[in-house]
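This is data-v5.pdb. It holds PDB, C-alpha atoms and all ligand atoms.
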```pdb
ATOM      1  CA  MET A   1      96.115 105.950  87.077
ATOM      2  CA  ILE A   2      93.488 104.849  89.636
ATOM      3  CA  ASN A   3      90.381 103.210  88.147
ATOM      4  CA  VAL A   4      87.252 104.190  90.099
ATOM      5  CA  ILE A   5      83.665 102.908  90.266
ATOM      6  CA  ILE A   6      81.079 105.247  91.828
ATOM      7  CA  ALA A   7      77.907 103.917  93.482
ATOM      8  CA  GLY A   8      74.993 106.367  93.712
ATOM      9  CA  PRO A   9      75.900 108.663  90.765
ATOM     10  CA  ARG A  10      72.461 110.346  90.647
ATOM     11  CA  GLY A  11      72.609 111.418  94.315
ATOM     12  CA  LYS A  12      73.752 114.851  95.535
ATOM     13  CA  MET A  13      77.134 113.527  96.731
ATOM     14  CA  GLY A  14      77.425 111.049  93.836
ATOM     15  CA  LYS A  15      77.023 113.786  91.196
ATOM     16  CA  GLU A  16      79.821 115.829  92.770
ATOM     17  CA  ALA A  17      82.019 112.717  92.967
ATOM     18  CA  VAL A  18      81.401 111.860  89.288
ATOM     19  CA  SER A  19      82.605 115.365  88.261
ATOM     20  CA  MET A  20      85.575 115.279  90.622
ATOM     21  CA  VAL A  21      86.776 111.832  89.467
ATOM     22  CA  HIS A  22      86.179 112.676  85.781
ATOM     23  CA  ASN A  23      88.144 115.941  86.045
ATOM     24  CA  GLU A  24      91.041 114.537  88.083
ATOM     25  CA  GLY A  25      93.956 113.638  85.789
ATOM     26  CA  SER A  26      95.174 110.691  87.862
ATOM     27  CA  PHE A  27      91.721 109.056  88.236
ATOM     28  CA  ARG A  28      89.680 107.245  85.596
ATOM     29  CA  LEU A  29      85.932 106.667  86.068
ATOM     30  CA  VAL A  30      85.365 103.126  84.771
ATOM     31  CA  ALA A  31      81.748 102.345  85.789
ATOM     32  CA  CYS A  32      78.842 103.386  88.009
ATOM     33  CA  LEU A  33      76.534 101.329  90.204
ATOM     34  CA  ASP A  34      72.937 102.506  90.214
ATOM     35  CA  ARG A  35      69.566 100.939  90.951
ATOM     36  CA  LYS A  36      68.253 102.424  87.693
ATOM     37  CA  HIS A  37      69.630 102.645  84.103
ATOM     38  CA  ASN A  38      71.170  99.148  84.073
ATOM     39  CA  GLY A  39      73.017  98.496  80.784
ATOM     40  CA  GLU A  40      72.987 102.167  79.763
ATOM     41  CA  THR A  41      75.964 104.511  79.828
ATOM     42  CA  LEU A  42      76.307 107.514  82.142
ATOM     43  CA  LYS A  43      75.726 109.988  79.317
ATOM     44  CA  ASP A  44      72.238 108.478  78.760
ATOM     45  CA  VAL A  45      71.225 109.263  82.344
ATOM     46  CA  PRO A  46      69.380 112.605  82.567
ATOM     47  CA  GLY A  47      71.237 115.244  84.584
ATOM     48  CA  LEU A  48      74.622 113.487  84.449
ATOM     49  CA  PRO A  49      77.665 114.577  82.440
ATOM     50  CA  ASP A  50      78.450 113.307  78.954
ATOM     51  CA  ILE A  51      80.722 110.431  80.036
ATOM     52  CA  ASP A  52      80.835 107.115  78.212
ATOM     53  CA  VAL A  53      81.059 104.625  81.095
ATOM     54  CA  PRO A  54      78.722 101.679  81.760
ATOM     55  CA  VAL A  55      76.038 101.687  84.459
ATOM     56  CA  TYR A  56      75.415  98.442  86.362
ATOM     57  CA  GLU A  57      72.639  97.477  88.729
ATOM     58  CA  ASN A  58      74.190  94.193  89.827
ATOM     59  CA  VAL A  59      77.235  94.729  92.015
ATOM     60  CA  THR A  60      78.860  91.312  91.434
ATOM     61  CA  GLU A  61      78.434  91.558  87.658
ATOM     62  CA  CYS A  62      79.973  95.041  87.745
ATOM     63  CA  PHE A  63      83.023  93.977  89.753
ATOM     64  CA  GLN A  64      83.532  90.861  87.579
ATOM     65  CA  GLU A  65      83.342  92.720  84.263
ATOM     66  CA  VAL A  66      85.122  95.983  85.111
ATOM     67  CA  GLU A  67      88.780  96.313  86.091
ATOM     68  CA  ALA A  68      88.731  98.699  89.064
ATOM     69  CA  ASP A  69      91.006  99.720  91.924
ATOM     70  CA  VAL A  70      88.584 101.709  94.103
ATOM     71  CA  LEU A  71      84.836 101.797  94.800
ATOM     72  CA  VAL A  72      83.442 105.137  96.047
ATOM     73  CA  ASP A  73      80.104 104.471  97.759
ATOM     74  CA  LEU A  74      77.620 107.335  98.303
ATOM     75  CA  THR A  75      74.300 105.564  98.715
ATOM     76  CA  ILE A  76      72.290 104.324 101.707
ATOM     77  CA  PRO A  77      73.610 102.099 104.543
ATOM     78  CA  GLU A  78      71.894  98.813 103.567
ATOM     79  CA  VAL A  79      73.128  98.961  99.969
ATOM     80  CA  GLY A  80      76.449 100.600 100.816
ATOM     81  CA  TYR A  81      77.321  97.771 103.194
ATOM     82  CA  LEU A  82      76.680  95.120 100.503
ATOM     83  CA  HIS A  83      78.707  97.129  97.955
ATOM     84  CA  THR A  84      81.614  97.526 100.399
ATOM     85  CA  LYS A  85      81.707  93.851 101.366
ATOM     86  CA  THR A  86      81.450  92.701  97.737
ATOM     87  CA  ALA A  87      84.194  95.160  96.703
ATOM     88  CA  LEU A  88      86.605  93.711  99.277
ATOM     89  CA  GLU A  89      85.726  90.169  98.137
ATOM     90  CA  HIS A  90      86.707  91.243  94.595
ATOM     91  CA  ASN A  91      89.973  92.904  95.742
ATOM     92  CA  ILE A  92      88.592  96.406  95.105
ATOM     93  CA  ARG A  93      89.370  99.019  97.783
ATOM     94  CA  PRO A  94      86.266 100.749  99.164
ATOM     95  CA  VAL A  95      86.066 104.475 100.006
ATOM     96  CA  VAL A  96      82.753 104.856 101.801
ATOM     97  CA  GLY A  97      80.984 108.156 102.448
ATOM     98  CA  THR A  98      77.632 106.516 103.126
ATOM     99  CA  THR A  99      76.725 107.060 106.782
ATOM    100  CA  GLY A 100      74.791 104.786 109.131
ATOM    101  CA  PHE A 101      76.767 101.516 109.161
ATOM    102  CA  SER A 102      76.388  99.689 112.486
ATOM    103  CA  SER A 103      79.467  99.016 114.630
ATOM    104  CA  GLU A 104      78.984  95.266 113.959
ATOM    105  CA  GLN A 105      79.097  95.933 110.209
ATOM    106  CA  ILE A 106      82.250  98.024 110.581
ATOM    107  CA  THR A 107      83.895  95.281 112.667
ATOM    108  CA  GLU A 108      82.996  92.679 110.050
ATOM    109  CA  LEU A 109      84.358  94.853 107.203
ATOM    110  CA  ASN A 110      87.485  95.491 109.255
ATOM    111  CA  GLN A 111      88.099  91.742 109.590
ATOM    112  CA  LEU A 112      87.454  91.159 105.902
ATOM    113  CA  ALA A 113      89.882  93.955 104.875
ATOM    114  CA  LYS A 114      92.511  92.503 107.230
ATOM    115  CA  SER A 115      92.091  88.979 105.875
ATOM    116  CA  LYS A 116      92.425  90.293 102.291
ATOM    117  CA  ASN A 117      95.303  92.637 103.276
ATOM    118  CA  LEU A 118      93.404  95.410 101.480
ATOM    119  CA  GLY A 119      92.950  99.116 102.211
ATOM    120  CA  ALA A 120      89.476 100.529 102.943
ATOM    121  CA  ILE A 121      88.273 103.905 104.221
ATOM    122  CA  ILE A 122      84.925 104.660 105.857
ATOM    123  CA  ALA A 123      84.614 108.413 106.464
ATOM    124  CA  PRO A 124      81.458 109.830 108.095
ATOM    125  CA  ASN A 125      82.812 113.335 107.270
ATOM    126  CA  PHE A 126      84.874 113.951 104.142
ATOM    127  CA  ALA A 127      85.258 117.708 104.718
ATOM    128  CA  ILE A 128      88.962 118.083 105.518
ATOM    129  CA  GLY A 129      88.235 121.342 107.366
ATOM    130  CA  ALA A 130      85.712 119.604 109.634
ATOM    131  CA  VAL A 131      88.204 116.854 110.454
ATOM    132  CA  LEU A 132      90.860 119.490 111.263
ATOM    133  CA  MET A 133      88.314 121.326 113.446
ATOM    134  CA  MET A 134      87.908 118.111 115.467
ATOM    135  CA  LYS A 135      91.646 117.559 115.757
ATOM    136  CA  PHE A 136      92.371 121.177 116.757
ATOM    137  CA  SER A 137      89.556 120.979 119.330
ATOM    138  CA  GLN A 138      91.097 117.840 120.782
ATOM    139  CA  MET A 139      94.433 119.667 121.137
ATOM    140  CA  ALA A 140      92.858 122.771 122.723
ATOM    141  CA  ALA A 141      90.764 120.817 125.265
ATOM    142  CA  LYS A 142      93.904 119.613 127.039
ATOM    143  CA  TYR A 143      94.615 123.223 128.068
ATOM    144  CA  LEU A 144      91.105 124.746 128.023
ATOM    145  CA  PRO A 145      88.730 122.113 129.465
ATOM    146  CA  ASP A 146      85.635 124.377 129.509
ATOM    147  CA  VAL A 147      84.070 123.841 126.098
ATOM    148  CA  GLU A 148      80.672 124.045 124.412
ATOM    149  CA  ILE A 149      79.811 122.857 120.891
ATOM    150  CA  ILE A 150      77.250 124.631 118.712
ATOM    151  CA  GLU A 151      76.310 122.742 115.546
ATOM    152  CA  LYS A 152      73.943 124.174 112.927
ATOM    153  CA  HIS A 153      72.284 122.232 110.106
ATOM    154  CA  HIS A 154      69.481 122.478 107.525
ATOM    155  CA  ASP A 155      66.036 121.629 108.893
ATOM    156  CA  ASN A 156      65.762 118.339 106.925
ATOM    157  CA  LYS A 157      68.339 116.719 109.159
ATOM    158  CA  LEU A 158      66.808 113.897 111.209
ATOM    159  CA  ASP A 159      69.410 113.327 113.932
ATOM    160  CA  ALA A 160      70.548 115.712 116.681
ATOM    161  CA  PRO A 161      73.233 116.303 117.769
ATOM    162  CA  SER A 162      74.999 115.733 114.436
ATOM    163  CA  GLY A 163      77.381 112.788 114.080
ATOM    164  CA  SER A 164      80.250 115.255 113.659
ATOM    165  CA  ALA A 165      79.379 117.044 116.943
ATOM    166  CA  VAL A 166      79.286 113.733 118.796
ATOM    167  CA  LYS A 167      82.569 112.689 117.173
ATOM    168  CA  THR A 168      84.133 116.050 118.182
ATOM    169  CA  ALA A 169      82.982 115.602 121.782
ATOM    170  CA  GLU A 170      84.282 112.019 121.860
ATOM    171  CA  MET A 171      87.682 113.129 120.542
ATOM    172  CA  ILE A 172      87.766 115.939 123.134
ATOM    173  CA  THR A 173      87.132 113.447 125.951
ATOM    174  CA  GLU A 174      90.400 111.727 125.010
ATOM    175  CA  SER A 175      92.450 114.838 125.907
ATOM    176  CA  ARG A 176      90.235 116.690 128.442
ATOM    177  CA  GLU A 177      89.875 115.752 132.059
ATOM    178  CA  MET A 178      86.183 115.088 132.825
ATOM    179  CA  LYS A 179      84.572 118.229 134.230
ATOM    180  CA  HIS A 180      81.009 119.427 134.917
ATOM    181  CA  GLN A 181      80.717 122.903 133.453
ATOM    182  CA  GLY A 182      78.727 125.938 134.515
ATOM    183  CA  HIS A 183      77.577 126.793 138.040
ATOM    184  CA  PRO A 184      77.010 123.711 140.245
ATOM    185  CA  ASP A 185      73.588 125.109 141.246
ATOM    186  CA  GLU A 186      72.453 126.186 137.768
ATOM    187  CA  LYS A 187      68.801 125.370 136.933
ATOM    188  CA  GLU A 188      67.082 125.311 133.543
ATOM    189  CA  THR A 189      63.920 127.458 133.640
ATOM    190  CA  ILE A 190      63.031 126.074 130.209
ATOM    191  CA  ASN A 191      63.897 122.405 129.659
ATOM    192  CA  GLY A 192      66.891 121.875 127.344
ATOM    193  CA  ALA A 193      68.210 125.435 127.659
ATOM    194  CA  ARG A 194      71.730 124.205 128.442
ATOM    195  CA  GLY A 195      71.774 121.703 125.575
ATOM    196  CA  ALA A 196      72.768 118.047 125.518
ATOM    197  CA  GLU A 197      75.490 116.789 127.854
ATOM    198  CA  LEU A 198      78.419 114.523 127.026
ATOM    199  CA  ASP A 199      81.065 113.993 129.723
ATOM    200  CA  GLY A 200      80.143 117.340 131.314
ATOM    201  CA  MET A 201      80.384 119.212 127.962
ATOM    202  CA  ARG A 202      77.372 120.909 126.393
ATOM    203  CA  ILE A 203      76.241 120.443 122.774
ATOM    204  CA  HIS A 204      73.651 122.758 121.170
ATOM    205  CA  SER A 205      71.847 121.917 117.892
ATOM    206  CA  VAL A 206      70.387 124.643 115.656
ATOM    207  CA  ARG A 207      68.070 123.625 112.772
ATOM    208  CA  LEU A 208      67.081 126.251 110.203
ATOM    209  CA  PRO A 209      66.313 126.388 106.479
ATOM    210  CA  GLY A 210      69.209 128.044 104.645
ATOM    211  CA  LEU A 211      71.891 126.322 106.712
ATOM    212  CA  VAL A 212      74.023 123.491 105.276
ATOM    213  CA  ALA A 213      76.455 122.032 107.887
ATOM    214  CA  HIS A 214      78.258 124.301 110.356
ATOM    215  CA  GLN A 215      79.942 123.859 113.728
ATOM    216  CA  GLU A 216      81.671 126.080 116.254
ATOM    217  CA  VAL A 217      83.626 124.748 119.230
ATOM    218  CA  ILE A 218      84.050 127.450 121.889
ATOM    219  CA  PHE A 219      86.620 127.176 124.678
ATOM    220  CA  GLY A 220      86.593 129.544 127.655
ATOM    221  CA  GLY A 221      89.319 130.300 130.172
ATOM    222  CA  PRO A 222      89.997 133.177 132.570
ATOM    223  CA  GLY A 223      90.062 136.331 130.412
ATOM    224  CA  GLN A 224      90.107 134.463 127.086
ATOM    225  CA  LEU A 225      87.950 132.693 124.519
ATOM    226  CA  LEU A 226      88.999 130.427 121.669
ATOM    227  CA  SER A 227      86.563 129.615 118.827
ATOM    228  CA  ILE A 228      87.233 126.909 116.242
ATOM    229  CA  LYS A 229      84.648 127.100 113.478
ATOM    230  CA  HIS A 230      83.924 125.181 110.300
ATOM    231  CA  ASP A 231      81.301 125.748 107.597
ATOM    232  CA  SER A 232      80.362 123.334 104.799
ATOM    233  CA  LEU A 233      78.650 125.634 102.294
ATOM    234  CA  ASN A 234      77.782 122.920  99.753
ATOM    235  CA  ARG A 235      78.602 119.312  98.860
ATOM    236  CA  ALA A 236      81.722 120.356  96.960
ATOM    237  CA  SER A 237      83.259 120.806 100.435
ATOM    238  CA  PHE A 238      83.410 117.016 100.772
ATOM    239  CA  MET A 239      85.277 116.339  97.514
ATOM    240  CA  ASP A 240      88.818 117.156  98.717
ATOM    241  CA  GLY A 241      88.337 114.408 101.278
ATOM    242  CA  VAL A 242      87.027 111.956  98.679
ATOM    243  CA  LYS A 243      90.028 112.708  96.424
ATOM    244  CA  PHE A 244      92.452 112.338  99.339
ATOM    245  CA  SER A 245      90.822 109.034 100.343
ATOM    246  CA  VAL A 246      90.919 107.541  96.831
ATOM    247  CA  GLU A 247      94.673 108.215  96.726
ATOM    248  CA  LYS A 248      95.325 107.168 100.320
ATOM    249  CA  VAL A 249      93.362 103.907 100.220
ATOM    250  CA  MET A 250      95.806 102.598  97.590
ATOM    251  CA  GLU A 251      98.617 102.781 100.206
ATOM    252  CA  LEU A 252      96.671 101.101 103.029
ATOM    253  CA  ASN A 253      96.357  97.414 103.842
ATOM    254  CA  GLU A 254      93.619  97.680 106.480
ATOM    255  CA  LEU A 255      90.342  99.498 107.126
ATOM    256  CA  VAL A 256      90.482 103.046 108.493
ATOM    257  CA  TYR A 257      87.334 104.493 110.094
ATOM    258  CA  GLY A 258      87.383 108.307 110.130
ATOM    259  CA  LEU A 259      89.721 110.618 108.194
ATOM    260  CA  GLU A 260      91.094 112.026 111.463
ATOM    261  CA  ASN A 261      93.140 108.819 111.744
ATOM    262  CA  ILE A 262      95.037 109.446 108.502
ATOM    263  CA  ILE A 263      95.424 113.227 108.129
TER
HETATM  264  P1  LIG B 301      71.029 111.346  98.055
HETATM  265  O1  LIG B 301      71.074 112.582  97.221
HETATM  266  O2  LIG B 301      69.723 110.898  98.613
HETATM  267  O3  LIG B 301      71.668 110.163  97.195
HETATM  268  C1  LIG B 301      71.585 108.792  97.564
HETATM  269  C2  LIG B 301      71.836 107.929  96.347
HETATM  270  O4  LIG B 301      71.709 106.568  96.739
HETATM  271  C3  LIG B 301      70.835 108.155  95.217
HETATM  272  O5  LIG B 301      71.492 108.066  93.973
HETATM  273  C4  LIG B 301      69.860 107.005  95.421
HETATM  274  O6  LIG B 301      69.153 106.620  94.246
HETATM  275  C5  LIG B 301      70.812 105.911  95.829
HETATM  276  N1  LIG B 301      70.055 104.810  96.426
HETATM  277  C6  LIG B 301      69.044 104.894  97.341
HETATM  278  N2  LIG B 301      68.549 103.673  97.580
HETATM  279  C7  LIG B 301      69.254 102.832  96.797
HETATM  280  C8  LIG B 301      69.198 101.426  96.596
HETATM  281  N3  LIG B 301      68.301 100.657  97.245
HETATM  282  N4  LIG B 301      70.063 100.873  95.715
HETATM  283  C9  LIG B 301      70.977 101.652  95.058
HETATM  284  N5  LIG B 301      71.061 102.985  95.198
HETATM  285  C10 LIG B 301      70.212 103.559  96.076
HETATM  286  O7  LIG B 301      72.006 111.497  99.305
HETATM  287  P2  LIG B 301      73.408 112.285  99.417
HETATM  288  O8  LIG B 301      73.216 113.566 100.086
HETATM  289  O9  LIG B 301      74.099 112.225  98.096
HETATM  290  O10 LIG B 301      74.167 111.327 100.458
HETATM  291  C11 LIG B 301      74.561 110.012 100.123
HETATM  292  C12 LIG B 301      75.180 109.349 101.339
HETATM  293  O11 LIG B 301      76.347 110.091 101.737
HETATM  294  C13 LIG B 301      74.279 109.351 102.595
HETATM  295  O12 LIG B 301      74.514 108.179 103.319
HETATM  296  C14 LIG B 301      74.753 110.578 103.387
HETATM  297  O13 LIG B 301      74.499 110.464 104.770
HETATM  298  C15 LIG B 301      76.218 110.512 103.088
HETATM  299  N6  LIG B 301      76.953 111.778 103.241
HETATM  300  C16 LIG B 301      78.238 111.662 103.646
HETATM  301  C17 LIG B 301      79.047 112.770 103.758
HETATM  302  C18 LIG B 301      80.472 112.573 104.187
HETATM  303  O14 LIG B 301      81.197 113.565 104.319
HETATM  304  N7  LIG B 301      80.909 111.344 104.416
HETATM  305  C19 LIG B 301      78.546 114.037 103.436
HETATM  306  C20 LIG B 301      77.217 114.148 102.992
HETATM  307  C21 LIG B 301      76.444 112.992 102.886
HETATM  308  P3  LIG B 301      67.558 107.004  94.089
HETATM  309  O15 LIG B 301      67.562 108.433  93.659
HETATM  310  O16 LIG B 301      67.042 106.051  93.068
HETATM  311  O17 LIG B 301      66.911 106.806  95.443
END
```
Written as structure tokens, how would this file's structure read?
Amino acid sequence: MINVIIAGPRGKMGKEAVSMVHNEGSFRLVACLDRKHNGETLKDVPGLPDIDVPVYENVTECFQEVEADVLVDLTIPEVGYLHTKTALEHNIRPVVGTTGFSSEQITELNQLAKSKNLGAIIAPNFAIGAVLMMKFSQMAAKYLPDVEIIEKHHDNKLDAPSGSAVKTAEMITESREMKHQGHPDEKETINGARGAELDGMRIHSVRLPGLVAHQEVIFGGPGQLLSIKHDSLNRASFMDGVKFSVEKVMELNELVYGLENII
């Protein structure tokens, strides 16, 4: 049995994670970390399931009082970083979905995990299908170096291109020989028509209400096209990856950044 603490249980991802952990036979939800409802139990929190586990506001108090194996963090970067660091200091293995940690913070957490000989996972994308899409794209780019990425997201997204599109392009650069695509004399008659450029590849970002998180990687070669496409239709799509990570982190003794390194 793996004892799990979830930080951010009222959030969109946190709510899904609470249900997943509660319904998974080999996991036990032992506490939640929240900036509200300190001293209450989860079942007292409006909108959350009828589960009798304590809610803590203070991270140190929580980790001292509750026997836990894994912390799942689904909050905001500033708080998530403090939770992750404090978890490692208390010999609790962090599984972090919170995005936006700086590379310095990741390096520091990496060193801390190494010094404690403890597993930790930071995964900017928990959707297993999205991670496979990146890996398959990396394989294909070795043979089909002409590639364009089209990512589509809801119109509340602040960053473009998406982190997953950038990660896909970076992984492709590891197997593809650098190449400028399209006609050498091509000219944009409207600025931006050919999208963003990374290592000669093009990335296009679509933002529309109704979309969730979607990406298509299109490869072209003489007389053939290959499309690798992934759609996250809701936040449940991330829970297989959270479940996998909670199990996997128990076998690790260092920090892993990105699920593509362990699946
Ligand atoms: P959300 O619905 O806004 O939830 C964020 C949660 O964090 C809320 O419960 C919020 O509480 C809490 N929070 C905010 N400020 C806090 C603070 N100062 N102290 C403690 N808790 C605080 O967001 P979401 O969509 O669930 O996403 C959560 C995180 O996961 C984000 O970083 C997002 O980028 C990331 N994400 C990752 C993946 C992945 O695959 N890895 C997928 C989707 C999202 P309040 O309601 O009180 O503000």
Problem set entry | Within-12 Å shell of (81.2, 93.6, 100.1) in input frame, all atoms listed in the file, as JSON, numbers by chain | {"A": [59, 60, 63, 71, 73, 78, 79, 80, 81, 82, 83, 84, 85, 86, 87, 88, 89, 90, 91, 92, 93, 94, 95, 96, 105, 106, 108, 109, 110, 111, 112, 113, 116, 120]}
What's around Gly195 in chain A at 9 Å? Count all atoms listed in the file, leave out sequence neighbours fewer than 5 positions away in its own chain, and write the answer as a PDB file with C-alpha atoms, in the frame of the given file.
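Once written, out-v1.pdb looks like this:
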```
ATOM      1  CA  ARG A 202      77.372 120.909 126.393  1.00  0.00           C
ATOM      2  CA  ILE A 203      76.241 120.443 122.774  1.00  0.00           C
ATOM      3  CA  HIS A 204      73.651 122.758 121.170  1.00  0.00           C
ATOM      4  CA  SER A 205      71.847 121.917 117.892  1.00  0.00           C
TER       5      SER A 205
END
```
Give me the residues of chain A that have any atom at most 6 Å from an atom of ligand LIG 301 (chain B); for each, the nearest atom pair and the distance in Å, rounded to one decimal. Use all atoms listed in the file, sort by chain and number, and format it as a Markdown table.
```
| residue | atom | partner | partner_atom | distance |
| --- | --- | --- | --- | --- |
| A:Gly8 | CA | B:LIG301 | O5 | 3.9 |
| A:Pro9 | CA | B:LIG301 | O5 | 5.5 |
| A:Arg10 | CA | B:LIG301 | O5 | 4.1 |
| A:Gly11 | CA | B:LIG301 | O3 | 3.3 |
| A:Lys12 | CA | B:LIG301 | O9 | 3.7 |
| A:Met13 | CA | B:LIG301 | O9 | 3.6 |
| A:Gly14 | CA | B:LIG301 | O9 | 5.5 |
| A:Asp34 | CA | B:LIG301 | C9 | 5.3 |
| A:Arg35 | CA | B:LIG301 | C9 | 4.4 |
| A:Leu74 | CA | B:LIG301 | C12 | 4.4 |
| A:Thr75 | CA | B:LIG301 | O4 | 3.4 |
| A:Ile76 | CA | B:LIG301 | O12 | 4.7 |
| A:Val79 | CA | B:LIG301 | N4 | 5.6 |
| A:Gly97 | CA | B:LIG301 | N7 | 3.7 |
| A:Thr98 | CA | B:LIG301 | O12 | 3.5 |
| A:Thr99 | CA | B:LIG301 | O12 | 4.3 |
| A:Ala123 | CA | B:LIG301 | N7 | 5.1 |
| A:Pro124 | CA | B:LIG301 | N7 | 4.0 |
| A:Asn125 | CA | B:LIG301 | O14 | 3.4 |
| A:Phe126 | CA | B:LIG301 | O14 | 3.7 |
| A:Ala127 | CA | B:LIG301 | O14 | 5.8 |
| A:Phe238 | CA | B:LIG301 | O14 | 5.4 |
```
Problem set entry | Atom pair CA of Gln64 in chain A / CA of Pro46 in chain A: separation (Å) |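 Pair CA of Gln64 in chain A / CA of Pro46 in chain A returns 26.4 Å.
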For this session: Tell me which of A:Glu260, A:Arg207, A:Pro145, A:Gly163 sits closest to Gly182 in chain A, counting all atoms listed in the file.
Result: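 Going through A:Glu260, A:Arg207, A:Pro145, A:Gly163 one by one, the smallest distance to Gly182 in chain A is for A:Pro145.
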Problem set entry | Among the residues A:Val55, A:Ala68, A:Leu33, A:Val21, the one that comes closest to Ser245 in chain A [using all atoms listed in the file] |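 Using all atoms listed in the file, the shortest distance to Ser245 in chain A belongs to A:Val21.
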Problem set entry | Atomic distance CA of Leu118 in chain A - CA of Asn253 in chain A, expressed in Å with one decimal |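 So the answer is 4.3 Å.
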Exercise. Hey, can you check how far CA of Glu67 in chain A sits from CA of Ala31 in chain A?
Worked result: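 These atoms are spaced 9.3 Å apart.
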For this session: Run through the PyMOL selection byres (((chain A and resi 214-222) around 6) and not hetatm) on the given coordinates and return the selected residues as a list in words.
Result: Asp146, Val147, Glu148, Ile149, Ile150, Glu151, Lys152, Ala213, Gly223, Gln224, Leu225, Leu226, Ser227, Ile228, Lys229, His230 and Asp231 of chain A
For this session: Check what the PyMOL selection byres (((chain A and resi 19) around 10) and not hetatm) selects in the file above and give those residues as a list in words.
Result: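 So the PyMOL selection byres (((chain A and resi 19) around 10) and not hetatm), applied here, picks out Pro9, Gly14, Lys15, Glu16, Ala17, Val18, Met20, Val21, His22, Asn23, Glu24, Leu29, Leu48, Pro49, Ile51 and Met239 of chain A.
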Exercise. Which neighbours of Arg28 in chain A fall inside 9 Å, counting only C-alpha atoms, when residues of the same chain fewer than 6 positions from it are skipped, and could you give them as a list of chain:residue names?
Worked result: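 In the requested form, the answer reads A:Met1, A:Ile2, A:Asn3, A:Val4, A:Ile5, A:Val21, A:His22.
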Complete range 156-167 of chain A with N, CA, C and O atoms (output as a compact mmCIF listing (two decimals), in the coordinates of the input).
```txt
# COMPACT_ATOMS: atom_id res chain seq x y z
N ASN A 156 66.17 119.69 107.35
CA ASN A 156 65.76 118.34 106.92
C ASN A 156 66.56 117.27 107.65
O ASN A 156 66.33 116.08 107.45
N LYS A 157 67.50 117.70 108.45
CA LYS A 157 68.34 116.72 109.16
C LYS A 157 67.52 116.01 110.23
O LYS A 157 66.78 116.66 110.99
N LEU A 158 67.66 114.67 110.30
CA LEU A 158 66.81 113.90 111.21
C LEU A 158 67.43 113.71 112.59
O LEU A 158 66.72 113.59 113.58
N ASP A 159 68.77 113.65 112.65
CA ASP A 159 69.41 113.33 113.93
C ASP A 159 69.99 114.57 114.59
O ASP A 159 70.48 115.49 113.93
N ALA A 160 69.94 114.62 115.91
CA ALA A 160 70.55 115.71 116.68
C ALA A 160 71.05 115.13 118.00
O ALA A 160 70.36 114.34 118.63
N PRO A 161 72.24 115.49 118.48
CA PRO A 161 73.23 116.30 117.77
C PRO A 161 73.77 115.58 116.53
O PRO A 161 73.59 114.37 116.39
N SER A 162 74.44 116.33 115.66
CA SER A 162 75.00 115.73 114.44
C SER A 162 76.08 114.72 114.79
O SER A 162 76.71 114.82 115.86
N GLY A 163 76.32 113.78 113.88
CA GLY A 163 77.38 112.79 114.08
C GLY A 163 78.73 113.47 114.27
O GLY A 163 79.55 113.01 115.07
N SER A 164 78.95 114.57 113.54
CA SER A 164 80.25 115.26 113.66
C SER A 164 80.40 115.90 115.03
O SER A 164 81.51 115.91 115.59
N ALA A 165 79.30 116.44 115.60
CA ALA A 165 79.38 117.04 116.94
C ALA A 165 79.69 115.97 117.99
O ALA A 165 80.51 116.18 118.90
N VAL A 166 79.04 114.82 117.84
CA VAL A 166 79.29 113.73 118.80
C VAL A 166 80.73 113.25 118.68
O VAL A 166 81.43 113.06 119.67
N LYS A 167 81.18 113.13 117.41
CA LYS A 167 82.57 112.69 117.17
C LYS A 167 83.55 113.70 117.78
O LYS A 167 84.54 113.32 118.41
```
